[in-house]
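Asker: Below is a structure I'd like to ask you about.
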Amino acid sequence: MILNAYIWNLYRESKDGQQAIADYSRDLESFRQEFGSDVYEIPIPDEDKAQTKSDTITISIVQAVYDAYSQYTVGSIDEAIQKYAEIVANGISTASEHQKSSLHFGAHEWEWYENVDLVSWGLYFACSEFFLPYLFVPWYGDGMTFYTLEEICTRFNIALPPLPTKRDKSGKAVYYGQLMRAFYEFRQLHNLSPAEMCAFLYDFGLNVIDQKESEELPEASKVWLVKGGRGGDSDFEFVDQATDSTVASLWGGNLEMRRGDILLMYLLSPRSYVHSIWRALSDGFIDPFFHYHHAVAIGSIIKTKPVTFQEIKTDAILSQKGLVKANLQGASGDPFSVEEYNAVLSIMEKKGQDISLFPRLEPLSYPDSAEISNERDVEKFLVEPFLENLGYTEDNWIRQMPIKMGRGERNYPDYAFGATTKRGEESASMVLEAKHRIGTRKELRDTFYQAKSYALRLQAKRIVLCALDGVWIFEYQRNNFNLEDFVHKRWNELSHPDTLHEVSLVIGGKEVLESR
C-alpha cells in the first residue's frame with residue numbers, strides 16, 4: 001500500500017490531523033513546560049565525591065543531546081547520521097566546577113538505545129530536518145513497540161534497515177540514525193514536513209493498522225516459559241497487581257512465539273516459582289532498543305497456585321528437561337512440550353488448583369485412511385484442514401493455478417500460495433502437490449520433480465508434497481531444491497501440537513505469506 005494523497009490530505013486538514021501536527025511543532029522550551037525535565041543520574045567517581053558531596057550528578061538527556069548536537073551544521077541526511085554516530089562513539093561530557101574527572105552520558109552503548117525516546121527528542125529539537133522523535137516504546141501507550149512500527153512500515157512500503165543482532169550493542173546504539181534515513185526518504189517522497197511525518201507515524205499510521213486485535217485469541221500452538229524478576233521488584237509488583245485486562249506490550253520472549261500461545265510466568269529468585277499463566281498477544285518480535293532484544297506482548301493472566309522450582313526439579317517428567325537441569329537459567333522464552341505443561345498443571349491440581357479453565361493444547365484429528373480413496377479426498381480431508389491449522393484461509397491459495405511452461409503448454413500446480421497471476425509475471429511463495437499415495441521411492445521422485453518444475457517457474461522457495469502417507473517439505477537452498485533434503489511427517493505426528501508448531505515455523509501462513 002502507498003500513502004494515498006487524497007486520504008492523507010483529508011486527514012491533514014481534519015481537526016485531529018491539525019492537532020497532531022501541532023503537537024509535534026513545539027520547541028524545546030514548550031516541551032519542557034509540558035513534560036517536565038527528564039532526570040538521568042551519572043555515578044561520580046570516588047575521587048570527586050568528597051568535593052561534590054554526592055554520589056551522582058543529575059542531567060537531562062534531552063537537554064544534553066540538544067546542546068551537543070546544536071553545535072553542528074549539517075546539510076544532508078548522510079552528514080546528520082554521521083555526526084550522530086560520532087556523538088554515540090564519544091559520549092557527551094558533563095561539566096561541574098567540583099569535578100576533577102570527566103563524566104559522560106553514553107559511555108555505554110545501552111545508554112543510547114535504552115533511552116532512545118529521550119535521545120531522539122533532543123535530536124529533533126536540535127535538527128528536525130533530519131531527526132524525528134522515536135516513541136515506539138511502551139510508556140508512550142499500549143502496543144507502542146517496534147512491532148507496531150514494523151506493521152506501519154509494512155503497510156506503507158517503508159523499507160526498514162536490517163536489524164542489529166542481539167549482541168551488537170554498537171549497532172543497536174546507532175540503529176536510530178539508520179531509521180531516520182528510511183523516514184527521511186519517505187518524507188521526501190511524499191513531501192511531508194517533519195511535524196507531518198510525526199503525525200503520520202504516531203496518529204495516522206496507528207489508526208490505519210488498527211492496533212486493536214480481535215477480542216478472541218487464536219488457539220494456542222505452543223507453550224513457553226517466560227521469566228519475571230530481571231527488572232527487580234517492579235516485575236514482581238507488576239505481575240502481583242495484574243488483572244485479566246492487564247497488558248505488557250514488551251516482555252522477554254522468543255521469535256517463534258505466536259499470538260495465542262500459552263505462557264508460564266516463572267518469577268526468578270527470591271521467589272523461584274511459577275506465578276501465573278498468560279497468553280501471547282502478539283507474535284514474537286525483535287525490538288532493537290529493548291535490552292532483551294526478543295520480545296512479545298502478553299496479557300489475559302490467570303493467577304495460579306505457585307509451582308516452586310523445588311517441585312519442578314523433583315517431578316518425574318520436568319526433572320528430565322535440560323532447562324530444569326540448568327536451574328532455569330538463560331533468557332526468557334523457553335519452549336515447554338505439551339507433556340511438560342501438563343506436568344506443571346498436575347502439580348497445581350494436587351495443591352488444590354482448579355485447572356478446568358486453563359488454556360490447553362489439544363491433539364488435532366485427521367480422518368482415518370479408510371475414508372480417503374482418491375487424490376481429491378486427500379485435498380479435502382487432509383490438505384485443507386492441515387492448511388487451516390497452519391494459519392491459512394482459502395483466500396491465501398489458488399487451486400490449479402494455470403502457468404505456461406513451454407510452447408503453448410499449460411500446467412496446473414494443485415496449490416499456489418502468495419501467488420501473483422499477472423500474465424508473464426506469475427510467481428508464488430510456495431507450491432503444494434497432492435497425491436493419493438506416495439508410498440515408494442519412485443512415486444516420491446516423480447511427484448518431487450513435477451512440483452519442482454512448478455516451483456522454479458514461479459520462483460517459489462518451498463515445496464510441499466502431501467499424500468495419505470504424510471507430508472514432505474523441501475526448501476530452496478544453495479540455489480536449488482534437493483530430492484534428498486526434506487522433512488517428512490506422518491499425519492499422526494502432525495496431530496501433536498508441538499510437531500505442528502515445528503512445521504508451521506517453515507510453512508505456516510505467517511512465514512510463507514510474509515516472505516514475498
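Naming works like this for the C-alpha cells: A, B, ... for the chains as they're shown, residue 1 at the start of each chain, ligands 1 onward in shown order.
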Might you pull out every residue within 7 Å of stretch 273-275 of chain A, with only C-alpha atoms counted and same-chain residues fewer than 3 positions away left off, and present them as a list in words?
Answerer: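 Neighbouring residues, sequence-local ones excluded: Leu264, Met265, Tyr266, Leu267, Lys303, Thr304, Pro306, Val307, Thr308 and Phe309 of chain A.
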Asker: Just list the residues in stretch 188-258 of chain A DSSP gives strand (DSSP E) on the backbone, as number ranges by chain.
Answerer: A: 223-228, 247-252
Asker: At a cut-off of 9 Å, using only C-alpha atoms, what residues contact A:Glu109? Leave out same-chain residues fewer than 6 positions from it and give the result as a compact mmCIF listing (two decimals) with N, CA and C atoms, in the first residue's frame.
Answerer:
```txt
# COMPACT_ATOMS: atom_id res chain seq x y z
N VAL A 88 27.62 9.26 19.51
CA VAL A 88 27.45 7.97 20.17
C VAL A 88 28.81 7.39 20.55
N ALA A 89 29.75 7.47 19.65
CA ALA A 89 31.08 6.91 19.90
C ALA A 89 31.83 7.64 21.01
N LYS A 169 25.86 -4.29 20.40
CA LYS A 169 25.40 -3.12 21.15
C LYS A 169 25.71 -1.81 20.42
N SER A 170 26.83 -1.75 19.74
CA SER A 170 27.14 -0.55 18.97
C SER A 170 26.13 -0.37 17.84
N GLY A 171 25.79 -1.49 17.17
CA GLY A 171 24.80 -1.43 16.11
C GLY A 171 23.44 -0.98 16.61
N LYS A 172 23.08 -1.43 17.81
CA LYS A 172 21.80 -1.02 18.40
C LYS A 172 21.82 0.46 18.75
N ALA A 173 22.98 0.94 19.20
CA ALA A 173 23.09 2.35 19.58
C ALA A 173 22.92 3.29 18.39
N VAL A 174 23.41 2.88 17.22
CA VAL A 174 23.34 3.76 16.05
C VAL A 174 22.15 3.43 15.15
```
Asker: What's around A:Thr499 at 12 Å? Count only C-alpha atoms, leave out sequence neighbours fewer than 4 positions away in its own chain, and write the answer as an NGL selection string.
Answerer: :A and (221-222 or 337-338 or 361 or 363-364 or 389-390 or 487-495 or 503-506)
Asker: Those residues with N, CA and C atoms, as a PDB file, in the first residue's frame please?
Answerer:
```
ATOM      1  N   SER A 221      -0.649 -22.592  19.900  1.00  0.00           N
ATOM      2  CA  SER A 221       0.112 -23.570  19.130  1.00  0.00           C
ATOM      3  C   SER A 221       1.289 -24.142  19.914  1.00  0.00           C
ATOM      4  N   LYS A 222       1.613 -23.507  21.058  1.00  0.00           N
ATOM      5  CA  LYS A 222       2.808 -23.918  21.793  1.00  0.00           C
ATOM      6  C   LYS A 222       2.741 -23.352  23.213  1.00  0.00           C
ATOM      7  N   SER A 337       7.045 -28.634  26.228  1.00  0.00           N
ATOM      8  CA  SER A 337       6.217 -29.558  25.468  1.00  0.00           C
ATOM      9  C   SER A 337       4.840 -29.660  26.120  1.00  0.00           C
ATOM     10  N   VAL A 338       3.897 -30.246  25.394  1.00  0.00           N
ATOM     11  CA  VAL A 338       2.557 -30.459  25.947  1.00  0.00           C
ATOM     12  C   VAL A 338       2.652 -31.294  27.217  1.00  0.00           C
ATOM     13  N   LEU A 361      -3.610 -27.386  25.165  1.00  0.00           N
ATOM     14  CA  LEU A 361      -3.248 -27.763  23.803  1.00  0.00           C
ATOM     15  C   LEU A 361      -3.820 -29.146  23.546  1.00  0.00           C
ATOM     16  N   PRO A 363      -4.777 -32.425  21.070  1.00  0.00           N
ATOM     17  CA  PRO A 363      -4.353 -33.083  19.819  1.00  0.00           C
ATOM     18  C   PRO A 363      -5.353 -32.801  18.696  1.00  0.00           C
ATOM     19  N   LEU A 364      -4.830 -32.666  17.476  1.00  0.00           N
ATOM     20  CA  LEU A 364      -5.688 -32.467  16.308  1.00  0.00           C
ATOM     21  C   LEU A 364      -6.101 -33.831  15.760  1.00  0.00           C
ATOM     22  N   ASN A 389      -4.971 -25.325   9.940  1.00  0.00           N
ATOM     23  CA  ASN A 389      -4.232 -25.403  11.198  1.00  0.00           C
ATOM     24  C   ASN A 389      -2.910 -24.633  11.137  1.00  0.00           C
ATOM     25  N   LEU A 390      -2.409 -24.420   9.933  1.00  0.00           N
ATOM     26  CA  LEU A 390      -1.165 -23.655   9.752  1.00  0.00           C
ATOM     27  C   LEU A 390      -1.421 -22.153   9.614  1.00  0.00           C
ATOM     28  N   VAL A 487      12.013 -32.687   5.000  1.00  0.00           N
ATOM     29  CA  VAL A 487      11.437 -33.085   6.283  1.00  0.00           C
ATOM     30  C   VAL A 487      10.163 -33.858   5.988  1.00  0.00           C
ATOM     31  N   HIS A 488      10.010 -35.015   6.609  1.00  0.00           N
ATOM     32  CA  HIS A 488       8.816 -35.835   6.389  1.00  0.00           C
ATOM     33  C   HIS A 488       8.096 -36.052   7.717  1.00  0.00           C
ATOM     34  N   LYS A 489       6.797 -35.807   7.727  1.00  0.00           N
ATOM     35  CA  LYS A 489       5.964 -36.041   8.907  1.00  0.00           C
ATOM     36  C   LYS A 489       4.729 -36.842   8.492  1.00  0.00           C
ATOM     37  N   ARG A 490       4.399 -37.845   9.302  1.00  0.00           N
ATOM     38  CA  ARG A 490       3.159 -38.576   9.074  1.00  0.00           C
ATOM     39  C   ARG A 490       2.005 -37.839   9.749  1.00  0.00           C
ATOM     40  N   TRP A 491       0.775 -38.156   9.320  1.00  0.00           N
ATOM     41  CA  TRP A 491      -0.374 -37.400   9.812  1.00  0.00           C
ATOM     42  C   TRP A 491      -0.582 -37.592  11.307  1.00  0.00           C
ATOM     43  N   ASN A 492      -0.265 -38.775  11.827  1.00  0.00           N
ATOM     44  CA  ASN A 492      -0.423 -38.953  13.272  1.00  0.00           C
ATOM     45  C   ASN A 492       0.577 -38.100  14.052  1.00  0.00           C
ATOM     46  N   GLU A 493       1.740 -37.842  13.473  1.00  0.00           N
ATOM     47  CA  GLU A 493       2.703 -36.937  14.110  1.00  0.00           C
ATOM     48  C   GLU A 493       2.182 -35.497  14.091  1.00  0.00           C
ATOM     49  N   LEU A 494       1.566 -35.113  12.974  1.00  0.00           N
ATOM     50  CA  LEU A 494       1.073 -33.743  12.832  1.00  0.00           C
ATOM     51  C   LEU A 494      -0.144 -33.471  13.702  1.00  0.00           C
ATOM     52  N   SER A 495      -0.735 -34.504  14.283  1.00  0.00           N
ATOM     53  CA  SER A 495      -1.841 -34.290  15.210  1.00  0.00           C
ATOM     54  C   SER A 495      -1.349 -33.775  16.555  1.00  0.00           C
ATOM     55  N   VAL A 503       6.468 -27.539  12.309  1.00  0.00           N
ATOM     56  CA  VAL A 503       6.252 -27.444  10.869  1.00  0.00           C
ATOM     57  C   VAL A 503       5.792 -26.045  10.481  1.00  0.00           C
ATOM     58  N   SER A 504       4.958 -25.420  11.323  1.00  0.00           N
ATOM     59  CA  SER A 504       4.425 -24.096  10.997  1.00  0.00           C
ATOM     60  C   SER A 504       5.526 -23.045  10.890  1.00  0.00           C
ATOM     61  N   LEU A 505       6.642 -23.272  11.569  1.00  0.00           N
ATOM     62  CA  LEU A 505       7.744 -22.310  11.502  1.00  0.00           C
ATOM     63  C   LEU A 505       8.419 -22.300  10.136  1.00  0.00           C
ATOM     64  N   VAL A 506       8.150 -23.344   9.332  1.00  0.00           N
ATOM     65  CA  VAL A 506       8.730 -23.436   7.992  1.00  0.00           C
ATOM     66  C   VAL A 506       7.696 -23.104   6.922  1.00  0.00           C
TER      67      VAL A 506
END
```
Asker: Calculate how many Å separate atom CA of A:Ala126 from atom CA of A:Leu3, rounding to one decimal.
Answerer: 28.1 Å
Asker: Could you check the closest approach to A:Glu349 for each of A:Gly439, A:Lys305, A:Arg155, A:Ile298 and tell me which residue wins, using only C-alpha atoms?
Answerer: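 Under the stated criterion, the closest residue is A:Lys305.
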Asker: Just the helix (DSSP H, G or I) stuff from stretch 258-491 of chain A, please, per backbone DSSP, written as a PyMOL selection string.
Answerer: chain A and resi 309-313+318-320+322-325+338-350+369-371+375-389+394-396+441-458+491
Asker: Could you check the closest approach to A:Asp78 for each of A:Thr246, A:Gln353, A:Gln178, A:Thr94 and tell me which residue wins, using only C-alpha atoms?
Answerer: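 Of the candidates, the smallest distance to A:Asp78 is held by A:Gln178.
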Asker: Using only C-alpha atoms, find the one residue out of A:Asn115, A:Ser25, A:Ser70, A:Ser300 that sits nearest to A:Val39.
Answerer: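 Closest to A:Val39, using only C-alpha atoms: A:Asn115.
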Asker: Using only C-alpha atoms, can you tell me which of A:Tyr415, A:Phe481, A:Tyr476, A:Phe386 comes closest to A:Leu500?
Answerer: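 For A:Leu500, the nearest of the given residues is A:Phe386.
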Asker: Using only C-alpha atoms, which of the listed residues (A:His294, A:Lys83, A:His190, A:Lys510) sits closest to A:Asn9?
Answerer: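 Ranked by minimum distance to A:Asn9, first place goes to A:His190.
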Asker: What does the structure give for the distance between atom CA of A:Glu394 and atom CA of A:Lys380, in Å to one decimal?
Answerer: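 According to the coordinates, atom CA of A:Glu394 and atom CA of A:Lys380 are separated by 11.9 Å.
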Asker: Could you please determine the separation between atom CA of A:Glu129 and atom CA of A:Tyr147 in Å, to one decimal place?
Answerer: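 Computed distance, atom CA of A:Glu129 to atom CA of A:Tyr147, equals 25.4 Å.
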Asker: Please list as a PyMOL selection string every residue within 12 Å of stretch 193-198 of chain A, counting only C-alpha atoms and excluding residues in the same chain fewer than 6 positions away.
Answerer: chain A and resi 3+8-9+11-13+17-27+121+124-125+127-136+180+182-187+204-206
Asker: Residues within 9 Å of stretch 218-220 of chain A, please, as a list in words. Count only C-alpha atoms; anything in the same chain fewer than 6 positions from it doesn't count.
Answerer: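 Within the cut-off, the hits are Arg258, Arg259, Gly260, Asp261, Ile262, Arg279, Ala280, Pro359, Arg360, Leu361 and Pro497 of chain A.
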Asker: Any chance you could tabulate, as JSON lines, the residues of stretch 118-158 of chain A at most 9 Å from stretch 57-61 of chain A with each one's nearest atom pair and distance in Å to one decimal, using only C-alpha atoms, in chain and rising number order?
Answerer:
```
{"residue": "A:Leu118", "atom": "CA", "partner": "A:Ile61", "partner_atom": "CA", "distance": 6.1}
{"residue": "A:Val119", "atom": "CA", "partner": "A:Ile61", "partner_atom": "CA", "distance": 6.3}
{"residue": "A:Gly122", "atom": "CA", "partner": "A:Ile61", "partner_atom": "CA", "distance": 7.4}
```
Asker: So, counting only C-alpha atoms, which residue among A:Ala428, A:Leu263, A:Leu189, A:Ala316 is closest to A:Ser346?
Answerer: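 Answer, going by the shortest atom-to-atom distance: A:Ala316.
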